[in-house]
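Working notes for the structure below.
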Amino acid sequence: MTIASPETPPRPAEHRLALVASGIDKSFGGVSALHQAGLSVSSGSIHALLGGNGSGKSTLIKCIAGVYTADAGTVSVHGAPLTASEVTPRTAHAAGLRFVHQDLGIFDSLTVAENLALGGGFPTTAWRGIRWRELHDHAAEVLDRFDIRVSPRDRLGSLRPSQQTMVAIARALAGQRGSEHILILDEPTASLPEHESTELMQALRRRADQGQSIVLVSHRFREIEAVADEITVFRDGAVAGTGTAIEMPSGRVVDLMTGPLATPVAADLPARPEAASGAERAVQGTVLIATGLTTGLLKGVDLSVAAGEIVGLAGLAGSGRSSILRAVFGDLALTSGSLRLRNRPYHPGRPGAAVAAGVAMVPENRARDAAFLDMSVRENATMTRIGRYWRRWVMDRRAEQADTRQLIDRHGIRTAGTELPLSGLSGGNQQKVILARWLQLDPHLLLLDEPTQGVDVMSRHDIYSSLRRTTEDGCAVLVASSDLDELTELCDRILVLTDGQVTAEFSAQDLRREELAAAVLTGRPARQMKGTEQS
C-alpha cells in the first residue's frame with residue numbers, strides 16, 4: 001500500500017457528510033476569534049484543515065469538541081444536529097467525535113494494553129483485581145484491527161513515535177462499531193521525523209479507505225498532498241477557501257493562507273541598510289559562524305550572522321528554528337557541529353557561559369522563561385547588571401532607578417513608574433522591559449524567539465526601533481519567528497528551515513513574500529512548487 005501522490009488523484013469521497021459545522025462564531029473578551037466559520041467533512045474521507053498561526057482552526061476544533069463554548073452556529077454529526085453553544089465534551093463524545101491531540105495523553109512507563117485501557121476501564125474480578133488475560137486479549141484484538149504490529153505487553157516507551165500515535169488513535173476509536181466515529185487529529189506529526197510521518201499517513205490512508213472519516217490538522221504540505229481528499233483553509237477566523245485536493249493545489253493553498261500583506265509596522269523606522277554580499281559581511285565582521293549543527297531536530301545546519309545584520313529563521317513548528325537559538329545560547333547540547341563567535345571557537349556549555357561571551361537571548365515563552373511578574377519594572381530591567389549598584393554592602397537604589405528611567409525612555413516602555421510590578425504592564429511593554437534588560441549589556445549577538453508574539457502594534461514598532469538601533473551599534477541579531485510579515489519587514493536575510501535543515505535563503509533586496517510563504521509552507525522553493533502544480 002502506497003500513499004496517493006499529487007499525480008495520482010485520491011479516491012473520490014462519498015457524498016454523504018459525516019460532519020458539518022456551520023456559522024460558528026466565537027469571541028474572547030470582545031475580540032472575534034471565529035466569524036461564521038465552518039467545516040464539511042465527507043464520510044470516509046481525509047479532510048485537511050489548514051491555516052497559519054492564529055487563523056482559528058484550533059479554536060474551531062475546540063468549539064466542536066466542547067472545550068470552548070461557541071457563541072453561535074450548529075454542529076451536525078451524521079445528520080444529527082447540535083446547537084454549537086450547547087456542545088460539551090460529553091455530548092461531543094456521545095455524538096461520535098474522537099479527538100487525538102499533539103499531547104497524546106499516553107504513558108511511556110505503562111504497557112500498550114494498559115494505555116489502551118485508560119479511559120475505558122480495566123476488566124476486574126469480583127475482588128477488584130485486574131483480569132490481565134482478558135486485558136491482553138482485548139488489546140491484541142484492537143492492535144490487530146488497527147494493523148499495529150506490536151505486542152500488548154510492550155512498554156509504550158519502547159515503540160517508535162508513529163506507533164505510539166497509532167496506539168493513541170486506536171484507543172480513541174476502539175469502542176466504535178464499523179466506522180461511525182469521526183477522528184479529528186490535531187498536528188499528529190508535528191514532532192515526528194519524516195519517515196515516521198510517512199508511516200502514520202499510510203496508516204491513516206488505510207483507515208479512510210475502510211470508511212473512517214478523518215479531519216487532519218497539519219502544517220506539512222507534503223502530507224496533505226499525499227493523503228487528503230478535501231481541504232479547507234482558514235484565515236483570520238473564517239473559511240478562506242475549501243474544495244477537493246485536485247481543486248486546491250499547493251499554490252492556491254498558500255495564497256489562501258497568507259492573504260494580502262498586512263499593514264507594515266516598520267514603515268517609518270530607520271531605513272534598512274542594503275543587504276551585504278558574503279564578502280561584504282566578512283569585511284563587516286562575522287559575529288557568528290555555525291557549521292554542521294546537529295542536535296535534536298537539527299541535521300547539519302550552517303549559518304552566519306555579521307555585525308549589524310538581522311538574520312531571520314523561518315519555518316513551521318518542529319522545523320528546528322528554536323533549536324538553533326537554544327544551541328547557540330548553550331541551552332541545548334550539540335551532537336556534532338561547531339560554533340565560532342567573533343572568529344574564536346565558541347563552546348557554550350550553559351546559558352551563563354553564553355552571556356559571559358556576549359550572547360543574549362529573549363525566549364519565546366515570556367511569562368515562563370523571562371518575566372518575573374511579581375517583581376518591579378526596575379528589578380526586571382536591571383537584574384543583568386545588578387552588581388554595579390552595590391555600594392559597600394548597600395544597594396544604590398537611586399542609581400538603579402535612574403538607569404531604569406533611561407531604559408524606559410530609550411525603549412518606549414509605557415509604565416506608571418519604576419516600582420510598578422511587571423504584571424501591571426501590557427504584554428508588549430513587558431517584552432520591551434525584557435529586551436531592555438539584555439540590550440543594556442551591549443551584546444555581540446542577540447537571539448530572539450518570537451519577539452513580538454502577543455504584542456500590540458505600537459509595542460511592536462518600539463521593539464523594531466530598538467533592534468534597528470542596536471544593529472547600528474554593531475550587534476548581530478538572529479531572530480526566529482512564525483510571523484512572515486515580521487521577517488520581511490525586519491530582517492536583512494531570511495533562512496528557511498524544513499525538518500531541521502536550511503532549504504532556502506532570501507535577502508531583503510530580492511525577497512518576495514509569496515515566495516517566502518511558499519518555501520515555508522511547502523518545504524521547497526516556490527519555483528519548484530509552481531512547476532509541480534503545472535505538471
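In the C-alpha cells, chains take letters A, B, ... by order of appearance, with residues numbered from 1 within each chain and ligands from 1 in the order shown.
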
(message) as a PyMOL selection string, please: the residues near Leu49 (chain A) (cut-off 9 Å, only C-alpha atoms, same-chain neighbours under 5 positions excluded).
(response) chain A and resi 39+57+215-218+230-234

Export, as a PDB file, in the first residue's frame, the selected residues with all heavy atoms.
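Wrote it out as out-v6.pdb, contents follow:
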ATOM      1  N   LEU A  39     -17.043  23.816   8.541  1.00  0.00           N
ATOM      2  CA  LEU A  39     -16.277  22.689   8.023  1.00  0.00           C
ATOM      3  C   LEU A  39     -17.256  21.605   7.613  1.00  0.00           C
ATOM      4  O   LEU A  39     -18.174  21.274   8.373  1.00  0.00           O
ATOM      5  CB  LEU A  39     -15.336  22.160   9.114  1.00  0.00           C
ATOM      6  CG  LEU A  39     -14.401  21.007   8.770  1.00  0.00           C
ATOM      7  CD1 LEU A  39     -13.356  21.468   7.763  1.00  0.00           C
ATOM      8  CD2 LEU A  39     -13.725  20.478  10.038  1.00  0.00           C
ATOM      9  N   LYS A  57      -8.234  27.732  13.284  1.00  0.00           N
ATOM     10  CA  LYS A  57      -8.536  26.304  13.097  1.00  0.00           C
ATOM     11  C   LYS A  57      -8.573  25.561  14.430  1.00  0.00           C
ATOM     12  O   LYS A  57      -9.449  24.717  14.652  1.00  0.00           O
ATOM     13  CB  LYS A  57      -7.546  25.665  12.128  1.00  0.00           C
ATOM     14  CG  LYS A  57      -6.090  25.696  12.537  1.00  0.00           C
ATOM     15  CD  LYS A  57      -5.202  25.136  11.445  1.00  0.00           C
ATOM     16  CE  LYS A  57      -3.748  25.034  11.918  1.00  0.00           C
ATOM     17  NZ  LYS A  57      -3.182  26.366  12.254  1.00  0.00           N
ATOM     18  N   VAL A 215     -10.456  14.114  10.104  1.00  0.00           N
ATOM     19  CA  VAL A 215     -10.060  15.512   9.951  1.00  0.00           C
ATOM     20  C   VAL A 215      -8.609  15.609  10.385  1.00  0.00           C
ATOM     21  O   VAL A 215      -8.264  15.229  11.509  1.00  0.00           O
ATOM     22  CB  VAL A 215     -10.941  16.453  10.793  1.00  0.00           C
ATOM     23  CG1 VAL A 215     -10.454  17.899  10.652  1.00  0.00           C
ATOM     24  CG2 VAL A 215     -12.399  16.346  10.370  1.00  0.00           C
ATOM     25  N   LEU A 216      -7.765  16.116   9.505  1.00  0.00           N
ATOM     26  CA  LEU A 216      -6.328  16.171   9.760  1.00  0.00           C
ATOM     27  C   LEU A 216      -5.864  17.620   9.772  1.00  0.00           C
ATOM     28  O   LEU A 216      -5.915  18.299   8.751  1.00  0.00           O
ATOM     29  CB  LEU A 216      -5.577  15.384   8.680  1.00  0.00           C
ATOM     30  CG  LEU A 216      -4.048  15.437   8.705  1.00  0.00           C
ATOM     31  CD1 LEU A 216      -3.512  14.814   9.988  1.00  0.00           C
ATOM     32  CD2 LEU A 216      -3.466  14.720   7.487  1.00  0.00           C
ATOM     33  N   VAL A 217      -5.432  18.083  10.934  1.00  0.00           N
ATOM     34  CA  VAL A 217      -4.831  19.414  11.051  1.00  0.00           C
ATOM     35  C   VAL A 217      -3.324  19.240  10.935  1.00  0.00           C
ATOM     36  O   VAL A 217      -2.715  18.489  11.696  1.00  0.00           O
ATOM     37  CB  VAL A 217      -5.192  20.086  12.394  1.00  0.00           C
ATOM     38  CG1 VAL A 217      -4.562  21.475  12.485  1.00  0.00           C
ATOM     39  CG2 VAL A 217      -6.693  20.179  12.561  1.00  0.00           C
ATOM     40  N   SER A 218      -2.709  19.910   9.971  1.00  0.00           N
ATOM     41  CA  SER A 218      -1.277  19.741   9.748  1.00  0.00           C
ATOM     42  C   SER A 218      -0.713  20.970   9.066  1.00  0.00           C
ATOM     43  O   SER A 218      -1.422  21.682   8.355  1.00  0.00           O
ATOM     44  CB  SER A 218      -1.013  18.504   8.882  1.00  0.00           C
ATOM     45  OG  SER A 218       0.367  18.378   8.601  1.00  0.00           O
ATOM     46  N   GLU A 230      -9.980  16.179   0.677  1.00  0.00           N
ATOM     47  CA  GLU A 230     -10.582  17.509   0.685  1.00  0.00           C
ATOM     48  C   GLU A 230      -9.743  18.435   1.547  1.00  0.00           C
ATOM     49  O   GLU A 230      -9.029  17.976   2.458  1.00  0.00           O
ATOM     50  CB  GLU A 230     -12.016  17.442   1.244  1.00  0.00           C
ATOM     51  CG  GLU A 230     -12.925  16.479   0.493  1.00  0.00           C
ATOM     52  CD  GLU A 230     -14.173  16.123   1.293  1.00  0.00           C
ATOM     53  OE1 GLU A 230     -14.098  16.129   2.544  1.00  0.00           O
ATOM     54  OE2 GLU A 230     -15.213  15.839   0.680  1.00  0.00           O
ATOM     55  N   ILE A 231      -9.822  19.730   1.284  1.00  0.00           N
ATOM     56  CA  ILE A 231      -9.016  20.715   2.013  1.00  0.00           C
ATOM     57  C   ILE A 231      -9.882  21.932   2.340  1.00  0.00           C
ATOM     58  O   ILE A 231     -10.626  22.424   1.483  1.00  0.00           O
ATOM     59  CB  ILE A 231      -7.794  21.164   1.180  1.00  0.00           C
ATOM     60  CG1 ILE A 231      -6.839  19.990   0.938  1.00  0.00           C
ATOM     61  CG2 ILE A 231      -7.051  22.311   1.869  1.00  0.00           C
ATOM     62  CD1 ILE A 231      -5.693  20.310  -0.008  1.00  0.00           C
ATOM     63  N   THR A 232      -9.775  22.394   3.578  1.00  0.00           N
ATOM     64  CA  THR A 232     -10.368  23.676   3.974  1.00  0.00           C
ATOM     65  C   THR A 232      -9.264  24.542   4.560  1.00  0.00           C
ATOM     66  O   THR A 232      -8.476  24.075   5.381  1.00  0.00           O
ATOM     67  CB  THR A 232     -11.485  23.484   5.010  1.00  0.00           C
ATOM     68  OG1 THR A 232     -12.582  22.788   4.398  1.00  0.00           O
ATOM     69  CG2 THR A 232     -11.996  24.822   5.535  1.00  0.00           C
ATOM     70  N   VAL A 233      -9.201  25.798   4.122  1.00  0.00           N
ATOM     71  CA  VAL A 233      -8.179  26.738   4.581  1.00  0.00           C
ATOM     72  C   VAL A 233      -8.839  27.832   5.412  1.00  0.00           C
ATOM     73  O   VAL A 233      -9.831  28.434   4.988  1.00  0.00           O
ATOM     74  CB  VAL A 233      -7.430  27.364   3.385  1.00  0.00           C
ATOM     75  CG1 VAL A 233      -6.397  28.370   3.872  1.00  0.00           C
ATOM     76  CG2 VAL A 233      -6.757  26.286   2.555  1.00  0.00           C
ATOM     77  N   PHE A 234      -8.274  28.079   6.593  1.00  0.00           N
ATOM     78  CA  PHE A 234      -8.747  29.152   7.468  1.00  0.00           C
ATOM     79  C   PHE A 234      -7.781  30.328   7.414  1.00  0.00           C
ATOM     80  O   PHE A 234      -6.567  30.153   7.304  1.00  0.00           O
ATOM     81  CB  PHE A 234      -8.837  28.653   8.920  1.00  0.00           C
ATOM     82  CG  PHE A 234     -10.195  28.141   9.301  1.00  0.00           C
ATOM     83  CD1 PHE A 234     -10.864  27.246   8.486  1.00  0.00           C
ATOM     84  CD2 PHE A 234     -10.788  28.539  10.480  1.00  0.00           C
ATOM     85  CE1 PHE A 234     -12.114  26.767   8.833  1.00  0.00           C
ATOM     86  CE2 PHE A 234     -12.033  28.071  10.846  1.00  0.00           C
ATOM     87  CZ  PHE A 234     -12.703  27.180  10.015  1.00  0.00           C
TER      88      PHE A 234
END

(request) Would you please give, as JSON, numbers by chain, all residues of region 54-289 of chain A that DSSP assigns to alpha helix (DSSP H) based on the backbone? (result) {"A": [57, 58, 59, 60, 61, 62, 63, 64, 65, 89, 90, 91, 92, 93, 94, 95, 112, 113, 114, 115, 116, 117, 132, 133, 134, 135, 136, 137, 138, 139, 140, 141, 142, 143, 144, 145, 161, 162, 163, 164, 165, 166, 167, 168, 169, 170, 171, 172, 173, 194, 195, 196, 197, 198, 199, 200, 201, 202, 203, 204, 205, 206, 207, 208, 209, 221, 222, 223, 224, 225, 226, 227, 250, 251, 252, 253, 254, 255, 256, 257, 258, 278, 279, 280, 281, 282, 283, 284]}

(request) Would you please give, as a PyMOL selection string, all residues of region 80-280 of chain A that DSSP assigns to strand (DSSP E) based on the backbone? (result) chain A and resi 80-83+97-100+182-186+213-217+230-235+238-244

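Each of A:Ser55, A:Ser213, A:Gln401, A:Asn365 was compared to Leu256 (chain A) using only C-alpha atoms, and A:Ser55 turns out to be the nearest.
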
(message) Using only C-alpha atoms, which protein or nucleic acid residues come within 10 Å of Arg133 (chain A)? Drop anything in the same chain fewer than 5 positions from it, and give the result as a ChimeraX atom specification.
(response) /A:123,138-139

Output the selection as a PDB file, in the first residue's frame - all heavy atoms for each residue.
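Now in out-v9.pdb:
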ATOM      1  N   PRO A 123     -10.739  -4.504  32.962  1.00  0.00           N
ATOM      2  CA  PRO A 123     -11.600  -5.607  33.406  1.00  0.00           C
ATOM      3  C   PRO A 123     -11.141  -6.103  34.773  1.00  0.00           C
ATOM      4  O   PRO A 123      -9.948  -6.323  34.994  1.00  0.00           O
ATOM      5  CB  PRO A 123     -11.398  -6.662  32.316  1.00  0.00           C
ATOM      6  CG  PRO A 123     -10.043  -6.382  31.745  1.00  0.00           C
ATOM      7  CD  PRO A 123      -9.891  -4.889  31.812  1.00  0.00           C
ATOM      8  N   HIS A 138      -8.002  -8.480  24.742  1.00  0.00           N
ATOM      9  CA  HIS A 138      -8.737  -7.361  24.134  1.00  0.00           C
ATOM     10  C   HIS A 138      -7.765  -6.423  23.423  1.00  0.00           C
ATOM     11  O   HIS A 138      -8.036  -5.958  22.303  1.00  0.00           O
ATOM     12  CB  HIS A 138      -9.516  -6.593  25.200  1.00  0.00           C
ATOM     13  CG  HIS A 138     -10.168  -5.348  24.677  1.00  0.00           C
ATOM     14  ND1 HIS A 138     -11.255  -5.367  23.830  1.00  0.00           N
ATOM     15  CD2 HIS A 138      -9.872  -4.024  24.868  1.00  0.00           C
ATOM     16  CE1 HIS A 138     -11.608  -4.126  23.521  1.00  0.00           C
ATOM     17  NE2 HIS A 138     -10.785  -3.298  24.142  1.00  0.00           N
ATOM     18  N   ALA A 139      -6.627  -6.145  24.050  1.00  0.00           N
ATOM     19  CA  ALA A 139      -5.634  -5.263  23.423  1.00  0.00           C
ATOM     20  C   ALA A 139      -5.118  -5.870  22.129  1.00  0.00           C
ATOM     21  O   ALA A 139      -4.936  -5.166  21.124  1.00  0.00           O
ATOM     22  CB  ALA A 139      -4.486  -4.997  24.395  1.00  0.00           C
TER      23      ALA A 139
END

Could you list, as an mmCIF file with N, CA and C atoms, in the first residue's frame, every residue within 10 Å of Ile408 (chain A), counting only C-alpha atoms and ignoring same-chain residues fewer than 6 positions away?
data_model
loop_
_atom_site.group_PDB
_atom_site.id
_atom_site.type_symbol
_atom_site.label_atom_id
_atom_site.label_comp_id
_atom_site.auth_asym_id
_atom_site.auth_seq_id
_atom_site.Cartn_x
_atom_site.Cartn_y
_atom_site.Cartn_z
ATOM 1 N N VAL A 377 9.318 46.730 37.745
ATOM 2 C CA VAL A 377 9.942 47.043 36.463
ATOM 3 C C VAL A 377 11.437 47.261 36.658
ATOM 4 N N ARG A 378 11.803 47.976 37.717
ATOM 5 C CA ARG A 378 13.219 48.244 37.994
ATOM 6 C C ARG A 378 13.989 46.948 38.195
ATOM 7 N N ALA A 381 14.384 45.069 34.925
ATOM 8 C CA ALA A 381 15.219 45.732 33.921
ATOM 9 C C ALA A 381 16.698 45.676 34.271
ATOM 10 N N ALA A 402 17.508 55.575 38.379
ATOM 11 C CA ALA A 402 17.872 56.500 37.298
ATOM 12 C C ALA A 402 18.167 55.739 36.016
ATOM 13 N N ARG A 414 5.910 51.910 28.337
ATOM 14 C CA ARG A 414 4.791 52.654 28.938
ATOM 15 C C ARG A 414 4.455 52.050 30.293
ATOM 16 N N THR A 415 4.803 52.797 31.346
ATOM 17 C CA THR A 415 4.590 52.337 32.717
ATOM 18 C C THR A 415 4.360 53.538 33.613
ATOM 19 N N GLY A 417 5.548 53.863 36.516
ATOM 20 C CA GLY A 417 6.727 54.127 37.324
ATOM 21 C C GLY A 417 7.638 52.932 37.380
ATOM 22 N N THR A 418 8.817 53.132 37.954
ATOM 23 C CA THR A 418 9.815 52.061 38.001
ATOM 24 C C THR A 418 9.459 50.979 39.008
ATOM 25 N N ASN A 429 4.697 45.806 26.645
ATOM 26 C CA ASN A 429 5.627 46.557 27.485
ATOM 27 C C ASN A 429 6.460 45.639 28.369
ATOM 28 N N LYS A 432 9.259 44.678 26.134
ATOM 29 C CA LYS A 432 10.247 45.754 25.976
ATOM 30 C C LYS A 432 11.164 45.836 27.193
ATOM 31 N N VAL A 433 10.628 45.573 28.394
ATOM 32 C CA VAL A 433 11.468 45.550 29.594
ATOM 33 C C VAL A 433 12.498 44.421 29.491
ATOM 34 N N ALA A 436 15.117 45.374 26.955
ATOM 35 C CA ALA A 436 15.998 46.407 27.510
ATOM 36 C C ALA A 436 16.995 45.815 28.496
#

(request) Compile the contact shell of Gly51 (chain A) as a ChimeraX atom specification: residues with an atom at most 12 Å away, counting only C-alpha atoms, same-chain residues fewer than 5 positions apart removed. (result) /A:56-60,187,216-221,231-242,253-259,316,521

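The protein and nucleic acid residues lying at most 12 Å from Asp302 (chain A) are A:Leu288, A:Ile289, A:Ala290, A:Thr291, A:Gly292, A:Leu293, A:Thr294, A:Leu298, A:Lys299, A:Gly300, A:Ser304, A:Val305, A:Ile324, A:Ser336, A:Gly337, A:Ser338, A:Leu339, A:Arg340, A:Leu495, A:Val496, A:Leu497, A:Gly500, A:Gln501, A:Val502, A:Thr503, A:Ala504, A:Glu505, with only C-alpha atoms considered and sequence neighbours fewer than 2 positions away removed.
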
(message) Can you pull out the residues contacting Gly349 (chain A)? Cut-off 12 Å, using only C-alpha atoms, and skip same-chain residues under 3 positions away; I want them as a ChimeraX atom specification.
(response) /A:326-334,339,346,352-357

(request) Rank nothing, just name the residue among A:Cys63, A:Ala117, A:Ile246, A:Ala480 nearest to Ser319 (chain A), using only C-alpha atoms. (result) A:Ala480

(request) Just give me the gap between CA of Gln453 (chain A) and CA of Leu435 (chain A) in Å, one decimal is fine. (result)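 So the answer is 13.4 Å.
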
(request) Using only C-alpha atoms, find the one residue out of A:Ala226, A:Ala80, A:Met395, A:Ile130 that sits nearest to Ala21 (chain A). (result)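 Closest residue, counting only C-alpha atoms: A:Ala80.
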
(request) Measuring atom to atom with only C-alpha atoms, identify which of A:Leu422, A:Val359, A:Ala399, A:Val87 is nearest to Ile386 (chain A). (result) A:Ala399

(message) Considering only C-alpha atoms, can you say which of A:Arg366, A:Arg207, A:His78, A:Arg397 comes closest to Glu450 (chain A)?
(response) A:Arg366

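Here CA of Thr452 (chain A) is placed at a distance of 24.9 Å from CA of His35 (chain A).
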
(message) Could you tell me how far CA of Leu325 (chain A) sits from CA of Gly428 (chain A), in Å to one decimal place?
(response)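 Going from CA of Gly428 (chain A) over to CA of Leu325 (chain A) covers 21.6 Å.
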
(request) Would you mind telling me which residue in A:Leu445, A:Met458, A:Leu373, A:Leu110 lies nearest to Leu420 (chain A) when using only C-alpha atoms? (result)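 Nearest to Leu420 (chain A): A:Leu373.
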